[in-house]
$ cat work.cif   # mmCIF, C-alpha atoms
data_model
#
loop_
_atom_site.label_atom_id
_atom_site.label_comp_id
_atom_site.auth_asym_id
_atom_site.auth_seq_id
_atom_site.Cartn_x
_atom_site.Cartn_y
_atom_site.Cartn_z
CA MET A 1 -53.04 134.47 106.22
CA ARG A 2 -51.58 137.82 107.27
CA ALA A 3 -55.05 139.30 107.97
CA GLU A 4 -55.95 136.20 110.02
CA LYS A 5 -52.79 136.55 112.09
CA LYS A 6 -53.53 140.21 112.64
CA GLU A 7 -57.06 139.37 113.86
CA ILE A 8 -55.75 136.89 116.45
CA ASN A 9 -53.21 139.47 117.62
CA ILE A 10 -56.03 141.98 118.07
CA GLN A 11 -58.09 139.49 120.09
CA ILE A 12 -55.11 138.52 122.26
CA GLY A 13 -54.33 142.20 122.77
CA LYS A 14 -57.89 142.96 123.90
CA ARG A 15 -57.85 140.07 126.36
CA LEU A 16 -54.41 141.11 127.59
CA GLN A 17 -55.64 144.65 128.17
CA GLY A 18 -58.71 143.39 130.03
CA ALA A 19 -56.63 141.12 132.26
CA ARG A 20 -54.22 143.98 133.03
CA GLU A 21 -57.02 146.41 133.84
CA ASN A 22 -58.87 143.83 135.96
CA GLY A 23 -55.73 143.44 138.03
CA GLY A 24 -55.36 147.20 138.43
CA TYR A 25 -51.98 147.31 136.67
CA THR A 26 -50.60 149.95 134.34
CA GLN A 27 -49.15 149.40 130.90
CA GLU A 28 -45.81 150.47 132.35
CA THR A 29 -45.93 147.68 134.94
CA PHE A 30 -46.70 145.01 132.35
CA ALA A 31 -44.06 146.39 129.98
CA GLU A 32 -41.48 146.14 132.75
CA THR A 33 -42.58 142.60 133.63
CA LEU A 34 -42.28 141.55 129.98
CA ASP A 35 -38.97 143.40 129.60
CA VAL A 36 -40.22 145.48 126.66
CA SER A 37 -40.66 149.20 126.13
CA VAL A 38 -44.00 150.79 126.96
CA GLU A 39 -44.47 151.58 123.27
CA HIS A 40 -43.86 147.91 122.39
CA TYR A 41 -46.33 146.84 125.07
CA ARG A 42 -48.98 149.23 123.73
CA LYS A 43 -48.55 147.62 120.30
CA LEU A 44 -49.11 144.21 121.89
CA GLU A 45 -52.42 145.40 123.35
CA SER A 46 -53.46 146.99 120.06
CA GLY A 47 -52.64 143.84 118.11
CA ALA A 48 -49.95 145.49 115.99
CA TYR A 49 -47.46 143.01 117.49
CA GLY A 50 -48.07 139.40 118.43
CA LEU A 51 -47.49 138.18 121.97
CA GLN A 52 -44.81 135.50 121.93
CA PRO A 53 -45.31 132.24 123.90
CA GLU A 54 -42.35 133.06 126.17
CA LYS A 55 -44.04 136.32 127.15
CA MET A 56 -47.32 134.48 127.84
CA LEU A 57 -45.41 132.24 130.22
CA VAL A 58 -43.97 135.30 131.99
CA LEU A 59 -47.50 136.72 132.40
CA TYR A 60 -48.74 133.41 133.75
CA GLU A 61 -45.91 133.15 136.27
CA ALA A 62 -46.19 136.78 137.39
CA TYR A 63 -49.97 137.35 137.32
CA ARG A 64 -51.55 133.91 136.75
CA ILE A 65 -52.99 135.05 133.40
CA ASP A 66 -53.92 131.84 131.60
CA PRO A 67 -52.30 131.60 128.13
CA THR A 68 -55.27 129.54 126.91
CA TYR A 69 -57.57 132.44 127.81
CA LEU A 70 -55.32 134.94 126.00
CA ILE A 71 -55.28 132.83 122.84
CA THR A 72 -58.83 131.47 122.69
CA GLY A 73 -60.83 133.62 125.08
CA GLU A 74 -62.06 130.45 126.80
CA LYS A 75 -61.68 129.98 130.51
CA ARG A 76 -60.56 126.51 131.47
CA GLU A 77 -62.03 126.45 134.94
CA THR A 78 -65.02 127.74 136.78
CA PHE A 79 -64.94 128.44 140.47
CA ASP A 80 -67.76 127.45 142.78
CA LEU A 81 -67.25 129.58 145.88
CA GLU A 82 -69.85 127.82 147.99
CA ALA A 83 -68.44 124.38 147.18
CA PHE A 84 -64.91 125.59 147.92
CA LEU A 85 -65.89 127.04 151.29
CA ALA A 86 -67.98 123.99 152.22
CA ASN A 87 -65.06 121.67 151.51
CA SER A 88 -62.25 123.72 153.04
CA SER A 89 -60.63 123.64 156.42
CA ARG A 90 -60.90 126.74 158.58
CA GLU A 91 -57.27 127.60 157.71
CA GLU A 92 -57.90 127.27 153.95
CA ARG A 93 -61.05 129.36 154.24
CA ASP A 94 -59.30 132.07 156.26
CA GLU A 95 -56.38 132.17 153.82
CA PHE A 96 -58.78 132.45 150.86
CA ILE A 97 -60.73 135.26 152.51
CA GLY A 98 -57.49 137.06 153.38
CA GLN A 99 -56.26 136.81 149.80
CA THR A 100 -59.62 137.98 148.48
CA LEU A 101 -59.68 141.02 150.77
CA SER A 102 -56.08 141.83 149.89
CA TYR A 103 -56.92 141.65 146.19
CA MET A 104 -59.98 143.88 146.66
CA LYS A 105 -57.94 146.40 148.65
CA LYS A 106 -55.35 146.52 145.87
CA LEU A 107 -58.05 147.15 143.28
CA MET A 108 -59.55 149.93 145.35
CA THR A 109 -56.25 151.69 146.18
CA VAL A 110 -54.23 151.40 142.96
CA PRO A 111 -54.90 154.55 140.95
CA THR A 112 -55.79 153.99 137.34
CA ASP A 113 -53.79 155.47 134.49
CA TRP A 114 -56.57 158.08 134.12
CA ASN A 115 -56.28 159.15 137.78
CA ARG A 116 -52.52 159.38 137.44
CA LEU A 117 -52.92 161.51 134.32
CA GLN A 118 -55.40 163.81 136.05
CA ASN A 119 -53.15 164.11 139.11
CA SER A 120 -50.13 164.91 136.96
CA ARG A 121 -52.12 167.62 135.17
CA ILE A 122 -53.20 169.15 138.49
CA SER A 123 -49.63 168.99 139.76
CA TRP A 124 -48.32 170.54 136.54
CA ARG A 125 -50.90 173.34 136.67
CA SER A 126 -50.04 174.07 140.30
CA SER A 127 -46.35 174.27 139.51
CA MET A 128 -47.00 176.50 136.50
CA ASN A 129 -49.21 178.82 138.55
CA GLY A 130 -46.49 179.02 141.19
CA ARG A 131 -43.89 179.88 138.54
CA ARG A 132 -46.08 182.54 137.01
CA SER A 133 -46.73 184.21 140.34
CA GLY A 134 -43.02 183.89 141.23
CA THR A 135 -42.05 185.51 137.94
CA ALA A 136 -44.51 188.32 138.51
CA HIS A 137 -42.95 189.10 141.88
CA CYS A 138 -39.46 189.19 140.38
CA ARG A 139 -40.32 191.86 137.87
#
$ encode --input "work.cif" --output "structure tokens"
Amino acid sequence: MRAEKKEINIQIGKRLQGARENGGYTQETFAETLDVSVEHYRKLESGAYGLQPEKMLVLYEAYRIDPTYLITGEKRETFDLEAFLANSSREERDEFIGQTLSYMKKLMTVPTDWNRLQNSRISWRSSMNGRRSGTAHCR
């Protein structure tokens, strides 16, 4: 039973990670949303800890991540874009397009954890080089 529970935690963690990355969010952002430490959140994604139902509800309310998808991997709905647009008013269509473009802009402008890491390394190296040259001038 324990191994089975661990396997479901691993699967939920993988789906959670995928949903977070698809949204362009960091582990820190999700940890804050769930009111847990970053280390705790990382253990949720790895499957070391199980994601409690209350936390799934928080994720659904904040990011619209379907708890059924997290648990089973099955998507409850499919979306037919052409049917939606054909059966929408101009206002509904314009709102949908605006939301879609806003979402795409967010995905394209939010730096990934990797970019942040690289930028912090560059910044750190620059500050260290500045300190070294400053120290050399003092001597």
$ closest_residue --input "work.cif" --among "A:Arg15, A:Ile8, A:Phe96, A:His40" --to "A:Gly73" --atoms "all atoms listed in the file"
A:Arg15
$ residues_around --input "work.cif" --residues "A:Glu45" --least-positions-apart "4" --cutoff "12 Å" --atoms "all atoms listed in the file" --output "mmCIF file with C-alpha atoms, in the coordinates of the input"
data_model
loop_
_atom_site.group_PDB
_atom_site.id
_atom_site.type_symbol
_atom_site.label_atom_id
_atom_site.label_comp_id
_atom_site.auth_asym_id
_atom_site.auth_seq_id
_atom_site.Cartn_x
_atom_site.Cartn_y
_atom_site.Cartn_z
ATOM 1 C CA LYS A 6 -53.530 140.210 112.640
ATOM 2 C CA ILE A 8 -55.750 136.890 116.450
ATOM 3 C CA ASN A 9 -53.210 139.470 117.620
ATOM 4 C CA ILE A 10 -56.030 141.980 118.070
ATOM 5 C CA GLN A 11 -58.090 139.490 120.090
ATOM 6 C CA ILE A 12 -55.110 138.520 122.260
ATOM 7 C CA GLY A 13 -54.330 142.200 122.770
ATOM 8 C CA LYS A 14 -57.890 142.960 123.900
ATOM 9 C CA ARG A 15 -57.850 140.070 126.360
ATOM 10 C CA LEU A 16 -54.410 141.110 127.590
ATOM 11 C CA GLN A 17 -55.640 144.650 128.170
ATOM 12 C CA GLY A 18 -58.710 143.390 130.030
ATOM 13 C CA ALA A 19 -56.630 141.120 132.260
ATOM 14 C CA ARG A 20 -54.220 143.980 133.030
ATOM 15 C CA GLU A 21 -57.020 146.410 133.840
ATOM 16 C CA GLN A 27 -49.150 149.400 130.900
ATOM 17 C CA PHE A 30 -46.700 145.010 132.350
ATOM 18 C CA ALA A 31 -44.060 146.390 129.980
ATOM 19 C CA VAL A 38 -44.000 150.790 126.960
ATOM 20 C CA GLU A 39 -44.470 151.580 123.270
ATOM 21 C CA HIS A 40 -43.860 147.910 122.390
ATOM 22 C CA TYR A 41 -46.330 146.840 125.070
ATOM 23 C CA TYR A 49 -47.460 143.010 117.490
ATOM 24 C CA GLY A 50 -48.070 139.400 118.430
ATOM 25 C CA LEU A 51 -47.490 138.180 121.970
ATOM 26 C CA LEU A 70 -55.320 134.940 126.000
#
$ atom_distance --input "work.cif" --atom1 "atom CA of A:Leu59" --atom2 "atom CA of A:Val36"
12.8 Å
$ atom_distance --input "work.cif" --atom1 "atom CA of A:Phe79" --atom2 "atom CA of A:Met56"
22.5 Å
$ resolve_selection --input "work.cif" --expression "the PyMOL selection byres ((chain A and resi 63) around 10)" --output "list in words"
Ala19, Arg20, Gly23, Phe30, Thr33, Leu57, Val58, Leu59, Tyr60, Glu61, Ala62, Arg64, Ile65 and Asp66 of chain A
$ atom_distance --input "work.cif" --atom1 "atom CA of A:Glu7" --atom2 "atom CA of A:Ser37"
22.7 Å
$ residues_around --input "work.cif" --residues "A:Ile97" --least-positions-apart "4" --cutoff "12 Å" --atoms "all atoms listed in the file" --output "list in words"
Leu81, Phe84, Leu85, Ser88, Arg90, Glu91, Glu92, Arg93, Leu101, Ser102, Tyr103 and Met104 of chain A
$ build_atoms --input "work.cif" --residues "stretch 88-100 of chain A" --atoms "N, CA and C atoms" --output "compact mmCIF listing (two decimals), in the coordinates of the input"
# COMPACT_ATOMS: atom_id res chain seq x y z
N SER A 88 -63.55 123.20 152.61
CA SER A 88 -62.25 123.72 153.04
C SER A 88 -62.12 123.66 154.55
N SER A 89 -60.88 123.53 154.98
CA SER A 89 -60.63 123.64 156.42
C SER A 89 -60.75 125.11 156.82
N ARG A 90 -60.82 125.36 158.09
CA ARG A 90 -60.90 126.74 158.58
C ARG A 90 -59.68 127.54 158.11
N GLU A 91 -58.50 126.92 158.14
CA GLU A 91 -57.27 127.60 157.71
C GLU A 91 -57.33 127.96 156.23
N GLU A 92 -57.78 127.01 155.39
CA GLU A 92 -57.90 127.27 153.95
C GLU A 92 -58.91 128.38 153.68
N ARG A 93 -60.03 128.33 154.40
CA ARG A 93 -61.05 129.36 154.24
C ARG A 93 -60.50 130.73 154.64
N ASP A 94 -59.83 130.79 155.80
CA ASP A 94 -59.30 132.07 156.26
C ASP A 94 -58.23 132.61 155.31
N GLU A 95 -57.40 131.73 154.77
CA GLU A 95 -56.38 132.17 153.82
C GLU A 95 -57.04 132.70 152.54
N PHE A 96 -58.06 132.00 152.06
CA PHE A 96 -58.78 132.45 150.86
C PHE A 96 -59.42 133.82 151.09
N ILE A 97 -60.08 133.98 152.21
CA ILE A 97 -60.73 135.26 152.51
C ILE A 97 -59.68 136.37 152.63
N GLY A 98 -58.56 136.07 153.27
CA GLY A 98 -57.49 137.06 153.38
C GLY A 98 -56.95 137.48 152.02
N GLN A 99 -56.74 136.50 151.14
CA GLN A 99 -56.26 136.81 149.80
C GLN A 99 -57.29 137.61 149.01
N THR A 100 -58.55 137.26 149.17
CA THR A 100 -59.62 137.98 148.48
C THR A 100 -59.69 139.43 148.94
